[in-house]
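Q: Mind looking over this structure? Questions follow.
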Amino acid sequence: MSQMTKIPQIPDARRIVIKIGSALLIDSQNACIRTSWLQSVIEDIVALRKQQCEIIIVSSGAIALARYTLKLNKRSLRLDEKQAAAAVGQIKLAQAWSEAFSVHNLVAAQILLTLEDTETRLNYLNARAALETLLNLGSIPIINENDTVATTEIRFGDNDRLAARVAEMVKADQLILFSDVDGLYTADPRTHMDAQHIPVVQQMTPEIDAMGGKAPKGYSSGGMITKLAAAHIATQAGCAMVIAQGKVFHPLKSLQDGARCSWFLPSQNPYMARKRWIAGSIATKGAVYIDKGAEQAILDGKSLLPAGIIKVEGQFHRGDLIKIANSEGFIIGNGITAYDSSDVAQIIGAQTQEIETRLGWHGADEVIHRDDLAFSTLSNS
Ligand code: GLU
């Protein structure tokens with residue numbers, strides 16, 4: 001860690017998004033809310049609000065709460081079973097938050113979002129306006145995924161990335177992911193005795209992503225992978241993110257008092273809003289793989305030309321968002337394609353002057369224009 005590294009301090013933030021996972025909020029044995037723990041979180045939030053911090057909560061727990069009521073006890077649920085469980089559990093979840101806040105004369109507001117709401121420009125702008133108004137009115141938004149309407153394709157499935165998109169949307173300074181782990185380790189500490197804890201991540205890199213391992217099976221849908229995906233979204237939006245142990249009572253106070261955690265520092269050059277949206281979008285329609293020359297060219301700020309493309313994957317249309325992968329298969333960014341996938345297949349490797357002959361019509365020189373391209377891990381565009 002360099003001496004210049006400044007670790008963010010919680011009370012310095014103007015706006016904080018706090019993500020609370022099911023494993024913290026729900027006592028899975030008795031299928032009920034851990035009320036005393038919830039009260040301790042709310043006391044911490046009340047203290048932060050007195051220090052002029054605005055708080056937005058992203059709360060999981062709807063599905064876990066309803067499993068018992070609906071007798072859905074098997075480990076993994078089908079999508080329709082999750083949707084049914086969410087429909088039942090969300091009522092209890094929102095009620096628990098609302099009652100717990102009302103003790104302190106605070107008003108909780110329920111907002112249910114889908115991936116589409118955070119990716120379709122119009123829905124994004126509407127959701128953002130509603131959130132701003134709720135904050136201006138002094139209420140506390142409690143957000144969850146709208147599981148009941150979200151099909152597999154338009155589902156986050158985990159609230160880590162949802163929370164990061166919300167943080168981006170409301171321009172939060174900090175995103176706190178409370179979890180049952182106290183941060184990022186070089187490997188999974190449950191299986192690797194020698195795994196080292198990482199207190200600060202200055203920049204997201206493929207090495208950091210590799211520390212995420214595989215997603216765990218079972219009740220918790222997140223795991224480290226989705227937390228790192230959230231870190232990409234948040235840090236590129238200029239928002240600091242922290243992964244911290246949330247099981248303890250008064251988890252916010254404990255974090256402020258120096259509990260072990262991992263901070264992900266915000267990018268120095270946050271993307272412009274459009275670039276951020278491109279970089280953070282999850283629902284891409286396909287991918288192009290590019291050679292080393294093209295990778296260097298786009299890193300230098302140039303557009304992606306057909307000459308550098310070595311493979312095309314998926315079915316997409318002009319204007320769709322696609323992934324850009326390097327020759328080793330690492331996703332290095334996203335971009336808006338100027339061509340359909342069938343056209344890209346025809347012009348793979350073509351020099352600019354060959355495009356018209358191969359297609360039979362005159363198309364753009366670039367497959368992805370530099371203005372429509374954003375990197376996953378780099379801070380400059
Ligand atoms: N939205 C889901 C729920 O409330 C949980 C997703 C997650 O745990 O990240 O049950």
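Residue names in the structure tokens use chain letters A, B, ... in the order shown, residue numbers from 1 in each chain, and ligand numbers from 1 in the order shown.
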Residues up to 9 Å from ligand 1, counting only C-alpha atoms and all ligand atoms: could you list those as number ranges by chain?
A: A: 19-23, 59-66, 82, 85-86, 89-90, 93, 144-147, 156-162, 219-223, 226
Q: Which residues are close to A:Met204, i.e. within 12 Å by only C-alpha atoms, leaving aside same-chain residues fewer than 5 positions away? Reply as an mmCIF file with all heavy atoms, in the first residue's frame.
A:
data_model
loop_
_atom_site.group_PDB
_atom_site.id
_atom_site.type_symbol
_atom_site.label_atom_id
_atom_site.label_comp_id
_atom_site.auth_asym_id
_atom_site.auth_seq_id
_atom_site.Cartn_x
_atom_site.Cartn_y
_atom_site.Cartn_z
ATOM 1 N N ASP A 209 -9.477 -10.004 -9.920
ATOM 2 C CA ASP A 209 -10.653 -10.795 -10.315
ATOM 3 C C ASP A 209 -10.409 -12.285 -10.077
ATOM 4 O O ASP A 209 -11.303 -13.005 -9.651
ATOM 5 C CB ASP A 209 -10.975 -10.573 -11.798
ATOM 6 C CG ASP A 209 -11.697 -9.248 -12.007
ATOM 7 O OD1 ASP A 209 -12.426 -8.831 -11.087
ATOM 8 O OD2 ASP A 209 -11.525 -8.631 -13.069
ATOM 9 N N ALA A 210 -9.172 -12.726 -10.328
ATOM 10 C CA ALA A 210 -8.862 -14.149 -10.176
ATOM 11 C C ALA A 210 -8.976 -14.596 -8.718
ATOM 12 O O ALA A 210 -9.170 -15.774 -8.438
ATOM 13 C CB ALA A 210 -7.453 -14.422 -10.705
ATOM 14 N N MET A 211 -8.883 -13.656 -7.776
ATOM 15 C CA MET A 211 -8.990 -14.013 -6.351
ATOM 16 C C MET A 211 -10.427 -14.362 -5.966
ATOM 17 O O MET A 211 -10.676 -14.903 -4.894
ATOM 18 C CB MET A 211 -8.515 -12.852 -5.466
ATOM 19 C CG MET A 211 -7.043 -12.568 -5.613
ATOM 20 S SD MET A 211 -6.596 -11.096 -4.666
ATOM 21 C CE MET A 211 -4.946 -10.799 -5.307
ATOM 22 N N GLY A 212 -11.374 -14.021 -6.851
ATOM 23 C CA GLY A 212 -12.787 -14.224 -6.531
ATOM 24 C C GLY A 212 -13.217 -15.687 -6.542
ATOM 25 O O GLY A 212 -14.197 -16.054 -5.905
ATOM 26 N N LYS A 227 -19.231 -9.800 -5.785
ATOM 27 C CA LYS A 227 -18.727 -8.634 -5.039
ATOM 28 C C LYS A 227 -17.664 -7.918 -5.868
ATOM 29 O O LYS A 227 -17.591 -6.693 -5.887
ATOM 30 C CB LYS A 227 -18.176 -9.053 -3.683
ATOM 31 C CG LYS A 227 -19.303 -9.509 -2.768
ATOM 32 C CD LYS A 227 -18.836 -9.888 -1.399
ATOM 33 C CE LYS A 227 -20.015 -10.299 -0.529
ATOM 34 N NZ LYS A 227 -21.007 -11.178 -1.190
ATOM 35 N N LEU A 228 -16.845 -8.708 -6.564
ATOM 36 C CA LEU A 228 -15.819 -8.082 -7.416
ATOM 37 C C LEU A 228 -16.463 -7.419 -8.635
ATOM 38 O O LEU A 228 -16.015 -6.359 -9.077
ATOM 39 C CB LEU A 228 -14.761 -9.112 -7.819
ATOM 40 C CG LEU A 228 -13.919 -9.614 -6.639
ATOM 41 C CD1 LEU A 228 -12.937 -10.687 -7.102
ATOM 42 C CD2 LEU A 228 -13.161 -8.475 -5.959
ATOM 43 N N ALA A 229 -17.514 -8.035 -9.151
ATOM 44 C CA ALA A 229 -18.230 -7.396 -10.266
ATOM 45 C C ALA A 229 -18.807 -6.063 -9.780
ATOM 46 O O ALA A 229 -18.761 -5.046 -10.483
ATOM 47 C CB ALA A 229 -19.339 -8.311 -10.774
ATOM 48 N N ALA A 230 -19.310 -6.075 -8.552
ATOM 49 C CA ALA A 230 -19.836 -4.830 -7.960
ATOM 50 C C ALA A 230 -18.713 -3.808 -7.818
ATOM 51 O O ALA A 230 -18.910 -2.613 -8.069
ATOM 52 C CB ALA A 230 -20.470 -5.120 -6.604
ATOM 53 N N ALA A 231 -17.516 -4.273 -7.455
ATOM 54 C CA ALA A 231 -16.388 -3.354 -7.276
ATOM 55 C C ALA A 231 -16.031 -2.671 -8.600
ATOM 56 O O ALA A 231 -15.720 -1.481 -8.620
ATOM 57 C CB ALA A 231 -15.178 -4.101 -6.720
ATOM 58 N N HIS A 232 -16.099 -3.435 -9.704
ATOM 59 C CA HIS A 232 -15.831 -2.818 -11.016
ATOM 60 C C HIS A 232 -16.816 -1.674 -11.266
ATOM 61 O O HIS A 232 -16.430 -0.574 -11.641
ATOM 62 C CB HIS A 232 -16.007 -3.844 -12.140
ATOM 63 C CG HIS A 232 -14.805 -4.712 -12.346
ATOM 64 N ND1 HIS A 232 -13.665 -4.265 -12.943
ATOM 65 C CD2 HIS A 232 -14.576 -6.011 -12.036
ATOM 66 C CE1 HIS A 232 -12.772 -5.246 -12.994
ATOM 67 N NE2 HIS A 232 -13.303 -6.319 -12.441
ATOM 68 N N ILE A 233 -18.095 -1.982 -11.062
ATOM 69 C CA ILE A 233 -19.138 -0.991 -11.362
ATOM 70 C C ILE A 233 -18.961 0.238 -10.463
ATOM 71 O O ILE A 233 -18.942 1.382 -10.925
ATOM 72 C CB ILE A 233 -20.550 -1.601 -11.165
ATOM 73 C CG1 ILE A 233 -20.753 -2.787 -12.114
ATOM 74 C CG2 ILE A 233 -21.637 -0.550 -11.367
ATOM 75 C CD1 ILE A 233 -21.993 -3.631 -11.825
ATOM 76 N N ALA A 234 -18.804 -0.012 -9.155
ATOM 77 C CA ALA A 234 -18.749 1.102 -8.201
ATOM 78 C C ALA A 234 -17.505 1.963 -8.407
ATOM 79 O O ALA A 234 -17.597 3.190 -8.523
ATOM 80 C CB ALA A 234 -18.794 0.566 -6.773
ATOM 81 N N THR A 235 -16.335 1.326 -8.475
ATOM 82 C CA THR A 235 -15.099 2.121 -8.534
ATOM 83 C C THR A 235 -15.023 2.931 -9.825
ATOM 84 O O THR A 235 -14.546 4.053 -9.825
ATOM 85 C CB THR A 235 -13.843 1.240 -8.377
ATOM 86 O OG1 THR A 235 -13.844 0.227 -9.371
ATOM 87 C CG2 THR A 235 -13.773 0.601 -7.006
ATOM 88 N N GLN A 236 -15.525 2.346 -10.924
ATOM 89 C CA GLN A 236 -15.511 3.113 -12.175
ATOM 90 C C GLN A 236 -16.477 4.282 -12.122
ATOM 91 O O GLN A 236 -16.337 5.241 -12.876
ATOM 92 C CB GLN A 236 -15.863 2.213 -13.359
ATOM 93 C CG GLN A 236 -14.656 1.440 -13.813
ATOM 94 C CD GLN A 236 -14.974 0.463 -14.897
ATOM 95 O OE1 GLN A 236 -16.038 0.521 -15.506
ATOM 96 N NE2 GLN A 236 -14.066 -0.437 -15.142
ATOM 97 N N ALA A 240 -16.226 4.595 -3.717
ATOM 98 C CA ALA A 240 -15.402 3.640 -2.975
ATOM 99 C C ALA A 240 -16.290 2.503 -2.496
ATOM 100 O O ALA A 240 -17.459 2.731 -2.172
ATOM 101 C CB ALA A 240 -14.762 4.325 -1.776
ATOM 102 N N MET A 241 -15.751 1.290 -2.466
ATOM 103 C CA MET A 241 -16.552 0.156 -1.990
ATOM 104 C C MET A 241 -15.794 -0.571 -0.886
ATOM 105 O O MET A 241 -14.570 -0.625 -0.918
ATOM 106 C CB MET A 241 -16.819 -0.803 -3.147
ATOM 107 C CG MET A 241 -17.749 -1.933 -2.793
ATOM 108 S SD MET A 241 -17.951 -3.117 -4.150
ATOM 109 C CE MET A 241 -16.968 -4.460 -3.512
ATOM 110 N N TRP A 263 -11.136 -2.409 1.352
ATOM 111 C CA TRP A 263 -11.604 -1.216 0.622
ATOM 112 C C TRP A 263 -11.181 -1.308 -0.831
ATOM 113 O O TRP A 263 -10.060 -1.719 -1.134
ATOM 114 C CB TRP A 263 -10.993 0.053 1.216
ATOM 115 C CG TRP A 263 -11.730 0.579 2.410
ATOM 116 C CD1 TRP A 263 -11.355 0.462 3.713
ATOM 117 C CD2 TRP A 263 -12.953 1.321 2.405
ATOM 118 N NE1 TRP A 263 -12.280 1.075 4.520
ATOM 119 C CE2 TRP A 263 -13.266 1.616 3.751
ATOM 120 C CE3 TRP A 263 -13.825 1.764 1.399
ATOM 121 C CZ2 TRP A 263 -14.408 2.330 4.113
ATOM 122 C CZ3 TRP A 263 -14.963 2.477 1.775
ATOM 123 C CH2 TRP A 263 -15.240 2.747 3.109
ATOM 124 N N PHE A 264 -12.062 -0.897 -1.710
ATOM 125 C CA PHE A 264 -11.757 -0.792 -3.139
ATOM 126 C C PHE A 264 -11.842 0.696 -3.466
ATOM 127 O O PHE A 264 -12.907 1.304 -3.333
ATOM 128 C CB PHE A 264 -12.783 -1.574 -3.970
ATOM 129 C CG PHE A 264 -12.720 -3.058 -3.707
ATOM 130 C CD1 PHE A 264 -13.250 -3.592 -2.546
ATOM 131 C CD2 PHE A 264 -12.124 -3.910 -4.609
ATOM 132 C CE1 PHE A 264 -13.183 -4.950 -2.283
ATOM 133 C CE2 PHE A 264 -12.057 -5.275 -4.369
ATOM 134 C CZ PHE A 264 -12.580 -5.790 -3.204
ATOM 135 N N LEU A 265 -10.707 1.272 -3.838
ATOM 136 C CA LEU A 265 -10.670 2.724 -4.002
ATOM 137 C C LEU A 265 -11.289 3.147 -5.332
ATOM 138 O O LEU A 265 -11.153 2.444 -6.337
ATOM 139 C CB LEU A 265 -9.230 3.224 -3.907
ATOM 140 C CG LEU A 265 -8.519 2.872 -2.605
ATOM 141 C CD1 LEU A 265 -7.151 3.542 -2.541
ATOM 142 C CD2 LEU A 265 -9.335 3.288 -1.380
ATOM 143 N N PRO A 266 -11.938 4.305 -5.326
ATOM 144 C CA PRO A 266 -12.586 4.750 -6.563
ATOM 145 C C PRO A 266 -11.562 5.115 -7.629
ATOM 146 O O PRO A 266 -10.462 5.555 -7.306
ATOM 147 C CB PRO A 266 -13.370 5.994 -6.130
ATOM 148 C CG PRO A 266 -12.753 6.433 -4.863
ATOM 149 C CD PRO A 266 -12.137 5.235 -4.216
ATOM 150 N N SER A 267 -11.948 4.934 -8.865
ATOM 151 C CA SER A 267 -11.082 5.298 -9.975
ATOM 152 C C SER A 267 -10.788 6.796 -9.933
ATOM 153 O O SER A 267 -11.652 7.603 -9.569
ATOM 154 C CB SER A 267 -11.803 4.910 -11.261
ATOM 155 O OG SER A 267 -11.513 5.813 -12.262
ATOM 156 N N ILE A 332 -12.106 -7.548 -21.581
ATOM 157 C CA ILE A 332 -11.399 -6.309 -21.245
ATOM 158 C C ILE A 332 -12.312 -5.093 -21.286
ATOM 159 O O ILE A 332 -11.948 -4.029 -20.819
ATOM 160 C CB ILE A 332 -10.163 -6.087 -22.143
ATOM 161 C CG1 ILE A 332 -10.544 -6.120 -23.622
ATOM 162 C CG2 ILE A 332 -9.093 -7.118 -21.852
ATOM 163 C CD1 ILE A 332 -9.403 -5.702 -24.531
ATOM 164 N N PHE A 375 -13.620 0.274 -20.890
ATOM 165 C CA PHE A 375 -12.860 -0.848 -20.335
ATOM 166 C C PHE A 375 -13.437 -1.321 -19.008
ATOM 167 O O PHE A 375 -13.967 -0.525 -18.245
ATOM 168 C CB PHE A 375 -11.394 -0.455 -20.129
ATOM 169 C CG PHE A 375 -10.734 -0.080 -21.420
ATOM 170 C CD1 PHE A 375 -10.453 1.230 -21.709
ATOM 171 C CD2 PHE A 375 -10.438 -1.047 -22.354
ATOM 172 C CE1 PHE A 375 -9.887 1.578 -22.924
ATOM 173 C CE2 PHE A 375 -9.867 -0.724 -23.565
ATOM 174 C CZ PHE A 375 -9.596 0.604 -23.849
ATOM 175 N N SER A 376 -13.258 -2.613 -18.750
ATOM 176 C CA SER A 376 -13.777 -3.157 -17.479
ATOM 177 C C SER A 376 -12.870 -2.810 -16.326
ATOM 178 O O SER A 376 -13.308 -2.625 -15.222
ATOM 179 C CB SER A 376 -13.830 -4.678 -17.521
ATOM 180 O OG SER A 376 -14.345 -5.139 -18.685
ATOM 181 N N THR A 377 -11.568 -2.770 -16.550
ATOM 182 C CA THR A 377 -10.665 -2.689 -15.398
ATOM 183 C C THR A 377 -9.833 -1.424 -15.369
ATOM 184 O O THR A 377 -9.177 -1.169 -14.373
ATOM 185 C CB THR A 377 -9.677 -3.870 -15.414
ATOM 186 O OG1 THR A 377 -9.014 -3.870 -16.677
ATOM 187 C CG2 THR A 377 -10.381 -5.168 -15.188
ATOM 188 N N LEU A 378 -9.838 -0.663 -16.450
ATOM 189 C CA LEU A 378 -8.948 0.494 -16.465
ATOM 190 C C LEU A 378 -9.695 1.752 -16.098
ATOM 191 O O LEU A 378 -10.884 1.866 -16.279
ATOM 192 C CB LEU A 378 -8.338 0.666 -17.853
ATOM 193 C CG LEU A 378 -7.541 -0.555 -18.310
ATOM 194 C CD1 LEU A 378 -6.972 -0.311 -19.676
ATOM 195 C CD2 LEU A 378 -6.420 -0.843 -17.321
ATOM 196 N N SER A 379 -8.957 2.726 -15.579
ATOM 197 C CA SER A 379 -9.641 3.908 -15.079
ATOM 198 C C SER A 379 -9.707 5.005 -16.134
ATOM 199 O O SER A 379 -10.417 5.966 -15.967
ATOM 200 C CB SER A 379 -8.937 4.431 -13.847
ATOM 201 O OG SER A 379 -7.582 4.623 -14.153
#
Q: As a VMD selection string, which residues of stretch 101-193 of chain A does DSSP assign to helix (DSSP H, G or I)?
A: chain A and resid 101 to 102 115 to 119 121 to 136 152 to 154 159 to 169
Q: According to DSSP computed on the backbone, where in stretch 101-328 of chain A is there strand (DSSP E or B)? Give the residues as a ChimeraX atom specification.
A: /A:108-113,140-145,174-179,184-185,197-198,200-201,240-245,261-264,286-290,304,309-314,321-325
Q: With distances taken over only C-alpha atoms, which of A:Ala237, A:Val17, A:Leu134, A:Val107 is nearest to A:Asn269?
A: A:Ala237
Q: Can you tell me, as a PyMOL selection string, what residues are no more than 7 Å from A:Asp180 when counting only C-alpha atoms, ignoring any on the same chain fewer than 2 positions away?
A: chain A and resi 182+245-247
Q: Give me the residues near A:Arg318 as a PyMOL selection string, where near means some atom within 12 Å (using only C-alpha atoms) and where sequence neighbours in that chain fewer than 5 positions away do not count.
A: chain A and resi 285-286+335-344+363-364+366-368
Q: Return the single residue from A:Ala108, A:Ile331, A:Val248, A:Ala307 that is closest to A:Thr284, with distances computed using only C-alpha atoms.
A: A:Ile331
Q: Using atom CA of A:Lys74 and atom CA of A:Lys92 as the two end points, give the distance in Å to one decimal.
A: 21.1 Å
Q: So which one's closest to A:Val170, A:Glu81, A:Asp257, A:Glu54, A:Asp194? Using only C-alpha atoms, please.
A: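 The closest residue to A:Val170 is A:Glu54.
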Q: Of the residues A:Ala96, A:Ala325, A:His104, A:Asp12, which is the one nearest to A:Thr35, using only C-alpha atoms?
A: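 Smallest distance to A:Thr35 is found for A:Ala96.
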Q: Give me, as a ChimeraX atom specification, all polymer residues having an atom no more than 10 Å from A:Glu295, counting only C-alpha atoms and skipping those fewer than 3 positions away in the same chain.
A: /A:289-292,298-300,302,304,308-309,324-327,332
Q: Which residue gives the smallest distance to A:Lys323 among A:Arg67, A:Lys311, A:Arg49, A:His192, with only C-alpha atoms counted?
A: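 The closest residue to A:Lys323 is A:Lys311.
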